[in-house]
Amino acid sequence: MIPAGGWDTETTGVDLFHDCRPFMVSRNTGADDPLLWEWDVDPLTRAVEIPDGDLAEIEENLEECSETVFQNAKFDIRALVSAGLEWKQDWFGRVHDTLLMGHLLASGEPHDLTTMALRYLRIDIKPYEDALQQAVTECRRLVRNKEFIEKYGEWRIAKKNDPGLPSARGDEKLWKWDMWLPRAVAKATKLSPAHTYWTVCRDYHLVDSGVTLPLGQLQIEILQDRGLFALYQLRRRLIEIIYKMEKRGVTYNRKRLKELRAEYVEQAAHSEKVCLALSGGKLASLPKSGTSKAMREVLFSDFKLVPLKYSDKTGEPSVDKTTLEAWMAELPEQSKPGVFVKNLRGKRQRDTAVSYMDGYERAGLEILQATLGDAVRWSDIIVLHPSLNPTGTATLRFSSSNPNEQNISKQEGFNLRYCFGPAPGREWWSLDYENLELRIPAYEAGEAAMIELFEHPDRGPYYGSYHLLVFDILHPEKFAKYGADCKKVFKSTWYQWTKNGNFAVQYGAQEESGTADTAYHVKGAQHRIKERFTAISELSKQTIAFAARNGYVNTMIDREMGAYPLQVKRDAWGKIKPTVPLSYHVQGTAMWCMCRAMVRAQEYIASLPNHFTVMQVHDELVFDFPRSKLPGGNLPKILKLKSLMEESGNDIGIPLKVDYAYHPNNWAKTEDVPAVAV
DNA sequence: CGATGTAGCACC
DNA sequence: AAACGGTGCTACATCG
């Protein structure tokens, strides 16, 4: 028998870089009784008390396993390390992950252990979870009792605004953070040994870890049967990569953030004042988000603005950014409604930026000397450890949370990337695929005009710009007059609208719906564009037909590993939405390329001390390197990474191009690489 | 008071 | 019937 282990941990929450720690660990061999380590949690501090020798014992057991199976390995490894365990580099190669396998086998279905155990093993572990939830909820109520507090003190159960638990939000299912509680209650109140509070968490935990191993073994077999194992082997490598990205984290400058925050707060307050004055006393304040009744009254009754769309759910007229921007384009700038709308839009943007910054401050940690191997502690350099989930979407995109690193604003005037950047002694480089999701269907379908564009970015009149090409189709007179300057001349009008429409089309807008035409501000625009790009239209048709027959689409075939199947969601009538198949196919293929790139990049930078990948924003990777002695001196490494990323194109037979940017100062600012470096 | 849903905004 | 793909976070409204 292979010495294998199904492993699982329970923790006091997800913030393992902050105050959360594991309090229960188990190894299941499939044959003997499971090994369990269960530790007391101090109810006043949430600190976990680990007896001497336990970690060493766990390490021995991990060492003994030639293969390990986890559900979301990255999390459990981080939990163990946060407790003080020394995770050995070569253990990564032994790790299997039922979460990754679950996504590969059924991308569109839930991948939680309960669902998968039922589906693959016909084992229902839900009752154990329900029993635990009930016990924890009871205990959370109990320890908040006045009498209980008088007798046992104020217990630190999970709630929002606890600085050590920045990811604990009001809407979160916080009972999951207090699974240690029933046993702590049993202990403190000296319940009889037969009471379920002693064991309810352990029972739940043991069925969890009990199914992990057989589930993993079965999934491996199915992957092999379906010819998907090579894909899985590549995806497995992401575990170590993401683990290391998260560990290193993302640095920002607190001073810059605070300056920017103060500026936005002031501007938002000013905008609010302007709006209140224009409301003629009808508004006492502006809602911080959404639209109040009073505000709708002002906009639609007093200003007589025309609604452009209505909420699907409530039927109320929308006052969202598309609507505000459309109004702004129509209204005279000096008019009452014009000024109101502009200030409302500006206030909302600044409120959003401020709320993001508050989120960063809540999650941010001061860098300890050990983190950067430097003798200084910089109080202004803060590090975030956003979580990346490679199975977080129905395609192959990652999701990111706590905080989200993938939605950091880069808009003019709201560029929060200005706050982010390298710590002293470091420098950032970002590498992004050029037009990744346009290139894929263009080359796959053989769309000649687009291929020509991508092959010759130096040639006029479009200079590689797809938006300009479409602009010319829609506005030939303007383009004839201004050429590439249309980008500037019609920056916030026709050119911006062309971009908006292009994105709508790229993401699957159907001609019949008129969605793209609205975005383009040109009637019949999508039809005219379609007539020019018939090859992609044909590819879309084929992809829809395939999805209708099979219920999934494939990513483009990787020469070595095959294609990743992506289940296509269905509408309420069980039919394929026509907007989905090509979108998934392209998005999935793009992200398969990124996955390949991350693996190759990691293989390379692993040999370079203190070089890190720190962010992935779908088609962009950000690297954090030691600052070179000569400005730009790291360029050769970056060129190597660029070619490694472009190699993904060879895997699928499409030429890909990667651009790079040098950020010695901050993420918003790209600096020229001095010629001497080249 | 907590849970749930909605609107709105940020990213690609 | 609907027709723009994939996300996360905050504030607000509503309901039990």
# chains A, B, ... in the order shown; residues from 1 in each chain; ligands from 1

call {"tool": "closest_atom_pairs", "arguments": {"of": "chain A", "to": "chain C", "cutoff": "6 Å", "atoms": "only C-alpha atoms (C1' of nucleotides)", "output": "JSON lines"}}
result
{"residue": "A:Ser289", "atom": "CA", "partner": "C:DA11", "partner_atom": "C1'", "distance": 5.5}
{"residue": "A:Ala504", "atom": "CA", "partner": "C:DC4", "partner_atom": "C1'", "distance": 5.3}
{"residue": "A:Tyr507", "atom": "CA", "partner": "C:DG5", "partner_atom": "C1'", "distance": 4.7}
{"residue": "A:Gly508", "atom": "CA", "partner": "C:DC4", "partner_atom": "C1'", "distance": 5.8}
{"residue": "A:Ala509", "atom": "CA", "partner": "C:DC4", "partner_atom": "C1'", "distance": 4.9}
{"residue": "A:Gln510", "atom": "CA", "partner": "C:DA3", "partner_atom": "C1'", "distance": 5.8}
{"residue": "A:Ser513", "atom": "CA", "partner": "C:DA3", "partner_atom": "C1'", "distance": 5.6}
{"residue": "A:Ser583", "atom": "CA", "partner": "C:DG5", "partner_atom": "C1'", "distance": 5.5}

call {"tool": "write_last_selection", "arguments": {"atoms": "C-alpha atoms", "output": "CSV table (one decimal), in the first residue's frame"}}
result
chain,number,residue,atom,x,y,z
A,289,SER,CA,-24.2,53.9,-2.3
A,504,ALA,CA,-19.6,44.4,-25.1
A,507,TYR,CA,-17.9,39.5,-24.0
A,508,GLY,CA,-20.7,38.1,-26.2
A,509,ALA,CA,-23.3,40.8,-26.7
A,510,GLN,CA,-25.9,39.5,-29.2
A,513,SER,CA,-30.4,42.7,-28.1
A,583,SER,CA,-16.7,33.8,-24.1

call {"tool": "select_by_dssp", "arguments": {"residues": "range 595-670 of chain A", "states": "strand (DSSP E)", "output": "ChimeraX atom specification"}}
result
/A:612-616,620-626,658-663

call {"tool": "write_last_selection", "arguments": {"atoms": "all heavy atoms", "output": "short mmCIF file (atom, residue, chain, number, x, y, z; two decimals), in the first residue's frame"}}
result
data_model
loop_
_atom_site.label_atom_id
_atom_site.label_comp_id
_atom_site.auth_asym_id
_atom_site.auth_seq_id
_atom_site.Cartn_x
_atom_site.Cartn_y
_atom_site.Cartn_z
N PHE A 612 10.18 37.42 -6.68
CA PHE A 612 8.83 36.91 -6.42
C PHE A 612 7.84 37.32 -7.50
O PHE A 612 7.94 38.41 -8.05
CB PHE A 612 8.29 37.46 -5.09
CG PHE A 612 9.17 37.17 -3.90
CD1 PHE A 612 10.02 38.14 -3.40
CD2 PHE A 612 9.16 35.91 -3.30
CE1 PHE A 612 10.83 37.88 -2.30
CE2 PHE A 612 9.97 35.64 -2.21
CZ PHE A 612 10.81 36.63 -1.70
N THR A 613 6.90 36.42 -7.76
CA THR A 613 5.68 36.83 -8.46
C THR A 613 4.75 37.30 -7.37
O THR A 613 4.59 36.62 -6.36
CB THR A 613 5.03 35.63 -9.18
OG1 THR A 613 6.03 34.94 -9.94
CG2 THR A 613 3.93 36.09 -10.10
N VAL A 614 4.15 38.48 -7.54
CA VAL A 614 3.30 38.96 -6.45
C VAL A 614 1.83 39.15 -6.82
O VAL A 614 0.97 39.12 -5.96
CB VAL A 614 3.83 40.26 -5.80
CG1 VAL A 614 5.07 39.96 -4.99
CG2 VAL A 614 4.09 41.36 -6.81
N MET A 615 1.55 39.36 -8.10
CA MET A 615 0.14 39.52 -8.46
C MET A 615 -0.16 38.90 -9.81
O MET A 615 0.71 38.85 -10.68
CB MET A 615 -0.25 41.02 -8.51
CG MET A 615 -0.63 41.60 -7.18
SD MET A 615 -1.39 43.23 -7.34
CE MET A 615 0.07 44.24 -7.43
N GLN A 616 -1.40 38.49 -9.95
CA GLN A 616 -1.92 38.05 -11.23
C GLN A 616 -3.25 38.75 -11.43
O GLN A 616 -4.14 38.63 -10.59
CB GLN A 616 -2.11 36.52 -11.25
CG GLN A 616 -2.45 35.97 -12.62
CD GLN A 616 -3.88 35.54 -12.72
OE1 GLN A 616 -4.80 36.31 -12.43
NE2 GLN A 616 -4.11 34.31 -13.13
N GLU A 620 -2.13 39.77 -16.68
CA GLU A 620 -0.95 40.51 -16.23
C GLU A 620 -0.32 39.81 -15.01
O GLU A 620 -1.03 39.33 -14.13
CB GLU A 620 -1.38 41.94 -15.83
CG GLU A 620 -0.29 42.77 -15.18
CD GLU A 620 -0.77 44.17 -14.77
OE1 GLU A 620 -2.00 44.42 -14.82
OE2 GLU A 620 0.06 44.99 -14.39
N LEU A 621 1.02 39.75 -15.02
CA LEU A 621 1.73 39.28 -13.83
C LEU A 621 2.61 40.42 -13.32
O LEU A 621 3.18 41.17 -14.11
CB LEU A 621 2.63 38.08 -14.17
CG LEU A 621 1.97 36.74 -14.44
CD1 LEU A 621 3.01 35.72 -14.87
CD2 LEU A 621 1.21 36.25 -13.19
N VAL A 622 2.70 40.54 -12.01
CA VAL A 622 3.56 41.56 -11.42
C VAL A 622 4.66 40.86 -10.63
O VAL A 622 4.39 39.96 -9.83
CB VAL A 622 2.76 42.51 -10.50
CG1 VAL A 622 3.68 43.57 -9.90
CG2 VAL A 622 1.63 43.17 -11.27
N PHE A 623 5.88 41.28 -10.89
CA PHE A 623 7.04 40.68 -10.22
C PHE A 623 7.69 41.70 -9.29
O PHE A 623 7.75 42.89 -9.59
CB PHE A 623 8.06 40.21 -11.26
CG PHE A 623 7.54 39.11 -12.15
CD1 PHE A 623 6.97 39.41 -13.38
CD2 PHE A 623 7.60 37.78 -11.74
CE1 PHE A 623 6.47 38.40 -14.19
CE2 PHE A 623 7.11 36.77 -12.55
CZ PHE A 623 6.55 37.08 -13.78
N ASP A 624 8.19 41.21 -8.18
CA ASP A 624 8.83 42.02 -7.16
C ASP A 624 10.27 41.51 -7.03
O ASP A 624 10.50 40.39 -6.57
CB ASP A 624 8.04 41.86 -5.85
CG ASP A 624 8.57 42.72 -4.72
OD1 ASP A 624 9.79 42.98 -4.67
OD2 ASP A 624 7.75 43.12 -3.85
N PHE A 625 11.22 42.32 -7.50
CA PHE A 625 12.62 41.91 -7.56
C PHE A 625 13.48 42.78 -6.65
O PHE A 625 13.11 43.92 -6.35
CB PHE A 625 13.16 42.08 -9.00
CG PHE A 625 12.75 41.00 -9.96
CD1 PHE A 625 11.85 40.00 -9.60
CD2 PHE A 625 13.28 40.97 -11.24
CE1 PHE A 625 11.48 39.01 -10.50
CE2 PHE A 625 12.92 39.99 -12.14
CZ PHE A 625 12.02 39.02 -11.77
N PRO A 626 14.63 42.29 -6.25
CA PRO A 626 15.58 43.17 -5.57
C PRO A 626 16.00 44.29 -6.53
O PRO A 626 16.16 44.04 -7.73
CB PRO A 626 16.78 42.26 -5.29
CG PRO A 626 16.29 40.87 -5.48
CD PRO A 626 15.17 40.93 -6.44
N VAL A 658 3.83 39.76 -25.29
CA VAL A 658 3.81 40.26 -23.92
C VAL A 658 4.56 41.58 -23.85
O VAL A 658 5.63 41.73 -24.44
CB VAL A 658 4.46 39.21 -22.97
CG1 VAL A 658 4.71 39.81 -21.60
CG2 VAL A 658 3.58 37.98 -22.86
N ASP A 659 3.96 42.52 -23.17
CA ASP A 659 4.57 43.82 -22.99
C ASP A 659 5.06 43.92 -21.55
O ASP A 659 4.51 43.27 -20.66
CB ASP A 659 3.51 44.91 -23.26
CG ASP A 659 4.15 46.23 -23.64
OD1 ASP A 659 5.39 46.28 -23.73
OD2 ASP A 659 3.39 47.19 -23.83
N TYR A 660 6.08 44.72 -21.32
CA TYR A 660 6.54 44.86 -19.94
C TYR A 660 6.61 46.31 -19.52
O TYR A 660 6.71 47.21 -20.35
CB TYR A 660 7.91 44.19 -19.74
CG TYR A 660 9.02 44.80 -20.57
CD1 TYR A 660 9.70 45.93 -20.14
CD2 TYR A 660 9.38 44.23 -21.79
CE1 TYR A 660 10.71 46.49 -20.91
CE2 TYR A 660 10.38 44.78 -22.56
CZ TYR A 660 11.05 45.91 -22.12
OH TYR A 660 12.03 46.46 -22.88
N ALA A 661 6.51 46.54 -18.22
CA ALA A 661 6.61 47.89 -17.68
C ALA A 661 7.43 47.85 -16.39
O ALA A 661 7.32 46.91 -15.61
CB ALA A 661 5.22 48.45 -17.41
N TYR A 662 8.22 48.88 -16.23
CA TYR A 662 9.20 48.97 -15.13
C TYR A 662 8.67 49.94 -14.09
O TYR A 662 8.34 51.08 -14.41
CB TYR A 662 10.51 49.47 -15.75
CG TYR A 662 11.65 49.78 -14.81
CD1 TYR A 662 11.98 48.96 -13.74
CD2 TYR A 662 12.45 50.91 -15.05
CE1 TYR A 662 13.05 49.26 -12.92
CE2 TYR A 662 13.54 51.21 -14.24
CZ TYR A 662 13.84 50.38 -13.18
OH TYR A 662 14.91 50.67 -12.38
N HIS A 663 8.54 49.48 -12.86
CA HIS A 663 7.97 50.31 -11.79
C HIS A 663 8.93 50.39 -10.60
O HIS A 663 8.71 49.73 -9.58
CB HIS A 663 6.63 49.75 -11.30
CG HIS A 663 5.66 49.41 -12.39
ND1 HIS A 663 5.03 50.36 -13.16
CD2 HIS A 663 5.19 48.21 -12.83
CE1 HIS A 663 4.22 49.76 -14.03
NE2 HIS A 663 4.31 48.45 -13.85
#

call {"tool": "residues_around", "arguments": {"residues": "Leu331 in chain A", "least_positions_apart": "2", "cutoff": "12 Å", "atoms": "only C-alpha atoms (C1' of nucleotides)", "output": "PDB file with N, CA, C and O atoms, in the first residue's frame"}}
result
ATOM      1  N   PHE A 303     -35.421  67.394 -12.333  1.00  0.00           N
ATOM      2  CA  PHE A 303     -34.520  67.622 -13.473  1.00  0.00           C
ATOM      3  C   PHE A 303     -35.065  67.039 -14.776  1.00  0.00           C
ATOM      4  O   PHE A 303     -34.544  67.283 -15.848  1.00  0.00           O
ATOM      5  N   LYS A 304     -36.116  66.216 -14.650  1.00  0.00           N
ATOM      6  CA  LYS A 304     -36.751  65.612 -15.830  1.00  0.00           C
ATOM      7  C   LYS A 304     -35.763  64.808 -16.682  1.00  0.00           C
ATOM      8  O   LYS A 304     -35.817  64.826 -17.919  1.00  0.00           O
ATOM      9  N   LEU A 305     -34.852  64.139 -16.008  1.00  0.00           N
ATOM     10  CA  LEU A 305     -33.921  63.289 -16.744  1.00  0.00           C
ATOM     11  C   LEU A 305     -34.650  62.026 -17.205  1.00  0.00           C
ATOM     12  O   LEU A 305     -35.590  61.568 -16.544  1.00  0.00           O
ATOM     13  N   VAL A 306     -34.227  61.490 -18.319  1.00  0.00           N
ATOM     14  CA  VAL A 306     -34.912  60.330 -18.897  1.00  0.00           C
ATOM     15  C   VAL A 306     -34.174  59.052 -18.502  1.00  0.00           C
ATOM     16  O   VAL A 306     -32.982  58.916 -18.779  1.00  0.00           O
ATOM     17  N   LEU A 324     -25.329  57.729 -15.759  1.00  0.00           N
ATOM     18  CA  LEU A 324     -24.781  59.046 -15.417  1.00  0.00           C
ATOM     19  C   LEU A 324     -23.893  59.564 -16.544  1.00  0.00           C
ATOM     20  O   LEU A 324     -23.954  60.744 -16.913  1.00  0.00           O
ATOM     21  N   GLU A 325     -23.081  58.671 -17.112  1.00  0.00           N
ATOM     22  CA  GLU A 325     -22.172  59.117 -18.170  1.00  0.00           C
ATOM     23  C   GLU A 325     -22.926  59.500 -19.436  1.00  0.00           C
ATOM     24  O   GLU A 325     -22.554  60.457 -20.118  1.00  0.00           O
ATOM     25  N   ALA A 326     -23.985  58.768 -19.715  1.00  0.00           N
ATOM     26  CA  ALA A 326     -24.795  59.127 -20.880  1.00  0.00           C
ATOM     27  C   ALA A 326     -25.437  60.498 -20.669  1.00  0.00           C
ATOM     28  O   ALA A 326     -25.441  61.341 -21.571  1.00  0.00           O
ATOM     29  N   TRP A 327     -25.958  60.734 -19.463  1.00  0.00           N
ATOM     30  CA  TRP A 327     -26.539  62.047 -19.167  1.00  0.00           C
ATOM     31  C   TRP A 327     -25.482  63.150 -19.289  1.00  0.00           C
ATOM     32  O   TRP A 327     -25.726  64.205 -19.847  1.00  0.00           O
ATOM     33  N   MET A 328     -24.307  62.847 -18.746  1.00  0.00           N
ATOM     34  CA  MET A 328     -23.244  63.859 -18.780  1.00  0.00           C
ATOM     35  C   MET A 328     -22.905  64.260 -20.209  1.00  0.00           C
ATOM     36  O   MET A 328     -22.588  65.415 -20.487  1.00  0.00           O
ATOM     37  N   ALA A 329     -22.964  63.278 -21.115  1.00  0.00           N
ATOM     38  CA  ALA A 329     -22.625  63.577 -22.508  1.00  0.00           C
ATOM     39  C   ALA A 329     -23.685  64.461 -23.166  1.00  0.00           C
ATOM     40  O   ALA A 329     -23.389  65.215 -24.088  1.00  0.00           O
ATOM     41  N   GLU A 333     -22.836  71.422 -19.731  1.00  0.00           N
ATOM     42  CA  GLU A 333     -21.963  71.285 -18.562  1.00  0.00           C
ATOM     43  C   GLU A 333     -22.338  72.208 -17.409  1.00  0.00           C
ATOM     44  O   GLU A 333     -22.156  71.871 -16.247  1.00  0.00           O
ATOM     45  N   GLN A 334     -22.834  73.389 -17.748  1.00  0.00           N
ATOM     46  CA  GLN A 334     -23.106  74.372 -16.695  1.00  0.00           C
ATOM     47  C   GLN A 334     -24.523  74.248 -16.137  1.00  0.00           C
ATOM     48  O   GLN A 334     -24.855  74.906 -15.157  1.00  0.00           O
ATOM     49  N   SER A 335     -25.338  73.420 -16.786  1.00  0.00           N
ATOM     50  CA  SER A 335     -26.728  73.326 -16.332  1.00  0.00           C
ATOM     51  C   SER A 335     -26.796  72.682 -14.959  1.00  0.00           C
ATOM     52  O   SER A 335     -25.901  71.929 -14.559  1.00  0.00           O
ATOM     53  N   LYS A 336     -27.898  72.975 -14.256  1.00  0.00           N
ATOM     54  CA  LYS A 336     -28.088  72.392 -12.925  1.00  0.00           C
ATOM     55  C   LYS A 336     -27.970  70.874 -12.939  1.00  0.00           C
ATOM     56  O   LYS A 336     -27.176  70.292 -12.204  1.00  0.00           O
ATOM     57  N   PRO A 337     -28.786  70.224 -13.813  1.00  0.00           N
ATOM     58  CA  PRO A 337     -28.676  68.759 -13.841  1.00  0.00           C
ATOM     59  C   PRO A 337     -27.279  68.295 -14.240  1.00  0.00           C
ATOM     60  O   PRO A 337     -26.773  67.313 -13.692  1.00  0.00           O
ATOM     61  N   GLY A 338     -26.672  69.021 -15.166  1.00  0.00           N
ATOM     62  CA  GLY A 338     -25.334  68.633 -15.616  1.00  0.00           C
ATOM     63  C   GLY A 338     -24.332  68.643 -14.472  1.00  0.00           C
ATOM     64  O   GLY A 338     -23.549  67.700 -14.296  1.00  0.00           O
ATOM     65  N   VAL A 339     -24.373  69.692 -13.682  1.00  0.00           N
ATOM     66  CA  VAL A 339     -23.435  69.808 -12.562  1.00  0.00           C
ATOM     67  C   VAL A 339     -23.755  68.745 -11.501  1.00  0.00           C
ATOM     68  O   VAL A 339     -22.861  68.115 -10.937  1.00  0.00           O
ATOM     69  N   PHE A 340     -25.044  68.544 -11.262  1.00  0.00           N
ATOM     70  CA  PHE A 340     -25.456  67.553 -10.264  1.00  0.00           C
ATOM     71  C   PHE A 340     -24.936  66.166 -10.642  1.00  0.00           C
ATOM     72  O   PHE A 340     -24.304  65.469  -9.843  1.00  0.00           O
ATOM     73  N   VAL A 341     -25.208  65.792 -11.874  1.00  0.00           N
ATOM     74  CA  VAL A 341     -24.854  64.441 -12.335  1.00  0.00           C
ATOM     75  C   VAL A 341     -23.348  64.237 -12.282  1.00  0.00           C
ATOM     76  O   VAL A 341     -22.844  63.207 -11.831  1.00  0.00           O
ATOM     77  N   LYS A 342     -22.611  65.239 -12.714  1.00  0.00           N
ATOM     78  CA  LYS A 342     -21.156  65.125 -12.713  1.00  0.00           C
ATOM     79  C   LYS A 342     -20.626  64.949 -11.281  1.00  0.00           C
ATOM     80  O   LYS A 342     -19.744  64.132 -11.015  1.00  0.00           O
TER      81      LYS A 342
END

call {"tool": "interface_residues", "arguments": {"of": "chain A", "to": "chain B", "cutoff": "8 Å", "atoms": "only C-alpha atoms (C1' of nucleotides)", "output": "MDAnalysis selection string"}}
result
chainID A and resid 171 289:291 320 348:349 352 406:409 617:619

call {"tool": "select_by_dssp", "arguments": {"residues": "range 250-435 of chain A", "states": "helix (DSSP H, G or I)", "output": "JSON, numbers by chain"}}
result
{"A": [254, 255, 256, 257, 258, 259, 260, 261, 262, 263, 264, 265, 266, 267, 268, 269, 270, 271, 272, 273, 274, 275, 276, 277, 278, 293, 294, 295, 296, 297, 298, 299, 300, 301, 302, 321, 322, 323, 324, 325, 326, 327, 328, 329, 330, 336, 337, 338, 339, 340, 341, 342, 343, 344, 345, 346, 347, 348, 349, 350, 351, 352, 353, 354, 355, 356, 357, 358, 359, 360, 361, 362, 363, 369, 370, 371, 372, 416, 417, 418]}

call {"tool": "residues_around", "arguments": {"residues": "range 35-46 of chain A", "least_positions_apart": "2", "cutoff": "10 Å", "atoms": "only C-alpha atoms (C1' of nucleotides)", "output": "CSV table (one decimal) with C-alpha atoms, in the first residue's frame"}}
result
chain,number,residue,atom,x,y,z
A,7,TRP,CA,-5.1,15.7,5.5
A,8,ASP,CA,-7.4,18.3,6.9
A,9,THR,CA,-7.2,21.2,9.4
A,10,GLU,CA,-9.8,23.3,11.2
A,12,THR,CA,-10.1,29.8,13.9
A,19,ASP,CA,-4.7,36.0,14.2
A,20,CYS,CA,-6.2,32.8,12.9
A,21,ARG,CA,-4.6,29.5,13.6
A,22,PRO,CA,-5.3,25.8,13.2
A,23,PHE,CA,-6.7,24.0,16.2
A,24,MET,CA,-7.3,20.6,14.8
A,25,VAL,CA,-5.3,18.5,12.3
A,26,SER,CA,-5.7,15.0,11.1
A,27,ARG,CA,-4.2,12.5,8.8
A,28,ASN,CA,-6.2,9.7,7.4
A,29,THR,CA,-4.5,6.7,5.9
A,32,ASP,CA,-5.9,2.4,10.3
A,33,ASP,CA,-7.6,4.8,12.6
A,48,VAL,CA,-4.1,28.1,20.2
A,49,GLU,CA,-2.1,26.2,22.7
A,50,ILE,CA,0.0,23.5,21.0
A,51,PRO,CA,1.6,20.9,23.2
A,54,ASP,CA,2.9,17.8,18.3
A,55,LEU,CA,4.3,19.8,15.4
A,57,GLU,CA,4.9,14.6,15.1
A,58,ILE,CA,2.9,16.1,12.3
A,61,ASN,CA,3.8,12.1,9.4
A,143,VAL,CA,-21.2,33.2,25.6
A,152,TYR,CA,-16.1,33.5,32.5
A,153,GLY,CA,-15.1,36.8,31.1
A,154,GLU,CA,-15.7,38.3,27.6
A,155,TRP,CA,-14.9,35.6,25.1
A,156,ARG,CA,-13.3,36.6,21.8
A,157,ILE,CA,-15.8,35.1,19.4
A,158,ALA,CA,-15.5,36.1,15.8
A,164,GLY,CA,-7.0,40.5,14.1
A,178,ASP,CA,-15.8,29.6,16.1
A,180,TRP,CA,-13.6,25.5,18.5
A,181,LEU,CA,-16.2,27.1,20.7
A,183,ARG,CA,-15.4,22.2,23.2
A,184,ALA,CA,-14.2,25.4,25.0
A,185,VAL,CA,-17.6,25.8,26.5
A,187,LYS,CA,-14.4,22.6,29.2
A,188,ALA,CA,-15.1,25.9,31.0
A,202,ARG,CA,-14.0,16.5,16.1
A,205,HIS,CA,-13.7,17.0,11.2
A,206,LEU,CA,-13.1,13.3,11.1

call {"tool": "closest_residue", "arguments": {"among": "A:Arg345, A:Lys173, A:Arg350, A:Arg570", "to": "Arg261 in chain A", "atoms": "only C-alpha atoms"}}
result
A:Arg350

call {"tool": "atom_distance", "arguments": {"atom1": "CA of Glu512 in chain A", "atom2": "CA of Arg528 in chain A"}}
result
13.1 Å

call {"tool": "residues_around", "arguments": {"residues": "Glu646 in chain A", "least_positions_apart": "3", "cutoff": "6 Å", "atoms": "only C-alpha atoms (C1' of nucleotides)", "output": "count of residues only"}}
result
4

call {"tool": "atom_distance", "arguments": {"atom1": "CA of Thr589 in chain A", "atom2": "CA of Leu431 in chain A"}}
result
18.2 Å

call {"tool": "atom_distance", "arguments": {"atom1": "CA of Tyr604 in chain A", "atom2": "CA of Glu560 in chain A"}}
result
19.9 Å
